[in-house]
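Reading through the structure tokens given below for one structure.
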Amino acid sequence: MALIALAADKGAPGVTTAAVALGAVWPRPVLVAECDQAGGDLVYRLPAAAPSTASDASEDRDGGMLNPSRGLLSLAATARRGLRPDQVAEHCQRLVGGLDVLVGLTNAEQAQALTWLWGPLGRAFAGLAPVDVIADCGRLGADTPLLELLREADLVVLLTRATLEQVAHLRERVAALSGELRGGPPVGVLVLADPRDFRGSIAEVDRIVAGARGRGHSAADVGAEPGHPPTPVTVMGGLALDPKGAELLSGRWGGRLDRSLLIRSAREVAADLVGRLAPAAPAPYVPGEPPP
């Protein structure tokens, strides 16, 4: 199905939190995959669900730690012999609340040895029907090897806060990506916005990003593949900057989290993003059963 790559420029503000929040309310089957080259955080942040093989309630271990050895690192060992989409599930784990995750690498040194992985991984994610994949790509720097994964995405979404320094860095990253991804996926921007000026913050970032669009034929043209127009860039809305809601993500999902500003804004964003993607494939018809 669809691959959505979430990333940021300097500081990677809230990318992992945004990925988990969107995954928690995604209206289709979804997998959140940690692809941050600096190392993943999920094993330290979020509790694992009890294994489905537990025989009775006494074996319910909800709240245990995710296994750091089962995830992207174990999948990379498999990928050296070729990687098929159906192999990804073997390396995933489930969080309390039911969200499936692919745990990332534990440090940047591991990522340096796996620069070959991102292209095959992106192709596997893109073919993982009927599951969408939200890839937490962390910070994107110049000449990042994650470009091979981004080119396989259906949508690249950059996060920023509405501060002068972060929007300035975002503007430069937008100009660079619009050239590097020519002929590839569209680029969107999500604003991590203060609820007290939510719409105003989004409108201000949209104004600045529009300036980057206007000069995309200069910075973005450097090294760009000829024959393709610059990749379109759109401000797609915002997520509420909600520290209390982010803290609730680390516990059991329920009433308080469901009513948090973070999750309420994530629902709007998730619905909008899914609306921009290809429709989900219909369920296969099984002879002898009513048609879907």
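Ligands are numbered from 1 in the order shown, residues from 1 within each chain, and chains are lettered A, B, ... in the order they appear in the structure tokens.
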
What parts of region 29-211 of chain A does DSSP call alpha helix (DSSP H)? I'd like the answer as a ChimeraX atom specification.
/A:42-45,72-79,108-112,118-126,147-150,164-180,198-211

Neighbours of Leu114 (chain A) within 8 Å (only C-alpha atoms; same-chain residues fewer than 4 positions away dropped), as a PDB file with N, CA, C and O atoms, in the first residue's frame?
```pdb
ATOM      1  N   ALA A  76      17.536  -6.277   8.478  1.00  0.00           N
ATOM      2  CA  ALA A  76      18.686  -6.030   7.611  1.00  0.00           C
ATOM      3  C   ALA A  76      19.455  -7.314   7.340  1.00  0.00           C
ATOM      4  O   ALA A  76      19.966  -7.516   6.229  1.00  0.00           O
ATOM      5  N   GLN A 110      25.467   1.784  13.568  1.00  0.00           N
ATOM      6  CA  GLN A 110      24.803   0.716  12.806  1.00  0.00           C
ATOM      7  C   GLN A 110      24.294   1.236  11.471  1.00  0.00           C
ATOM      8  O   GLN A 110      24.389   0.548  10.446  1.00  0.00           O
ATOM      9  N   TRP A 118      18.317   1.177   2.451  1.00  0.00           N
ATOM     10  CA  TRP A 118      17.146   2.039   2.394  1.00  0.00           C
ATOM     11  C   TRP A 118      16.338   1.878   1.115  1.00  0.00           C
ATOM     12  O   TRP A 118      15.101   1.948   1.151  1.00  0.00           O
TER      13      TRP A 118
END
```

One decimal, Å: what's the distance from CA of Gly238 (chain A) over to CA of Ala193 (chain A), could you say?
6.2 Å

Who sits within 8 Å of Asp242 (chain A), only C-alpha atoms, same chain under 3 positions skipped, as an NGL selection string
:A and (194-195 or 245-246 or 260-262)

Contacts of Ala5 (chain A) at 7 Å (only C-alpha atoms; same-chain gap of 5+ positions) as a PDB file with N, CA and C atoms, in the first residue's frame:
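This went into out-v4.pdb:
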```pdb
ATOM      1  N   ILE A 134       4.083   4.229   7.887  1.00  0.00           N
ATOM      2  CA  ILE A 134       4.549   5.560   8.260  1.00  0.00           C
ATOM      3  C   ILE A 134       5.985   5.409   8.719  1.00  0.00           C
ATOM      4  N   ALA A 135       6.916   5.944   7.943  1.00  0.00           N
ATOM      5  CA  ALA A 135       8.343   5.793   8.234  1.00  0.00           C
ATOM      6  C   ALA A 135       8.858   7.030   8.950  1.00  0.00           C
ATOM      7  N   ASP A 136       9.339   6.840  10.179  1.00  0.00           N
ATOM      8  CA  ASP A 136       9.959   7.917  10.948  1.00  0.00           C
ATOM      9  C   ASP A 136      11.410   8.038  10.488  1.00  0.00           C
ATOM     10  N   CYS A 137      11.698   9.047   9.671  1.00  0.00           N
ATOM     11  CA  CYS A 137      13.027   9.216   9.082  1.00  0.00           C
ATOM     12  C   CYS A 137      13.902  10.199   9.852  1.00  0.00           C
ATOM     13  N   LEU A 150      13.097   7.665   0.411  1.00  0.00           N
ATOM     14  CA  LEU A 150      12.137   8.728   0.115  1.00  0.00           C
ATOM     15  C   LEU A 150      11.615   8.631  -1.308  1.00  0.00           C
ATOM     16  N   ALA A 153       8.581   6.538  -1.618  1.00  0.00           N
ATOM     17  CA  ALA A 153       7.406   6.946  -0.849  1.00  0.00           C
ATOM     18  C   ALA A 153       6.309   7.492  -1.753  1.00  0.00           C
ATOM     19  N   LEU A 155       4.395   9.828  -0.349  1.00  0.00           N
ATOM     20  CA  LEU A 155       4.313  11.186   0.163  1.00  0.00           C
ATOM     21  C   LEU A 155       5.437  11.387   1.179  1.00  0.00           C
ATOM     22  N   VAL A 156       6.152  12.502   1.056  1.00  0.00           N
ATOM     23  CA  VAL A 156       7.178  12.888   2.026  1.00  0.00           C
ATOM     24  C   VAL A 156       6.630  14.066   2.809  1.00  0.00           C
ATOM     25  N   VAL A 157       6.618  13.952   4.137  1.00  0.00           N
ATOM     26  CA  VAL A 157       6.051  14.993   4.992  1.00  0.00           C
ATOM     27  C   VAL A 157       7.133  15.502   5.936  1.00  0.00           C
TER      28      VAL A 157
END
```

For Leu190 (chain A), which residue among A:Ser178, A:Gln37, A:Gln112, A:Thr160 is the nearest when counting only C-alpha atoms?
A:Thr160

Residue nearest Thr234 (chain A) - candidates A:Arg267, A:Arg276, A:Arg139, A:Arg196, atoms counted: only C-alpha atoms:
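Closest to Thr234 (chain A) of all the choices is A:Arg276.
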
Two-atom distance - CA of Ile263 (chain A), CA of Val167 (chain A) (Å)
23.6 Å

Counting only C-alpha atoms, closest pick from A:Ala111, A:Ala18, A:Leu177, A:Ala89 relative to Gly39 (chain A) is A:Ala111

Can you measure CA of Val30 (chain A) to CA of Leu121 (chain A) for me? One decimal in Å is fine.
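Separation between CA of Val30 (chain A) and CA of Leu121 (chain A): 15.9 Å.
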
Which residues come within 10 Å of Ser74 (chain A), counting only C-alpha atoms, excluding same-chain residues fewer than 2 positions away, as a list of chain:residue names?
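After dropping sequence-adjacent residues, the list is A:Pro68, A:Ser69, A:Arg70, A:Gly71, A:Leu72, A:Ala76, A:Ala77, A:Thr78, A:Ala79, A:Val88, A:Glu90, A:His91, A:Cys92, A:Val103, A:Gly104, A:Leu105.
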
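Proximity of A:Gly122, A:Gly141, A:Leu249, A:His169 to Leu42 (chain A), computed with only C-alpha atoms, is greatest for A:Leu249.
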
Determine, counting only C-alpha atoms, which protein, DNA and RNA residues have an atom within 8 Å of an atom of region 170-172 of chain A; residues of the same chain fewer than 4 positions away are not included. Present the result as a list in words.
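Residues meeting the cut-off are Ala8, Asp9, Leu158, Thr160, Gln166, Ala176, Ile208, Val209 and Ala212 of chain A.
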
Minimum-distance residue to Pro279 (chain A), chosen among A:Gly188, A:Pro85, A:Pro130, A:Pro120 (using only C-alpha atoms)
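Among the listed residues, the smallest separation from Pro279 (chain A) belongs to A:Pro130.
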
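Nearest to Asn107 (chain A) of all the residues A:Asp36, A:Gly127, A:Ala48, A:Ala210 is A:Asp36, based on only C-alpha atoms.
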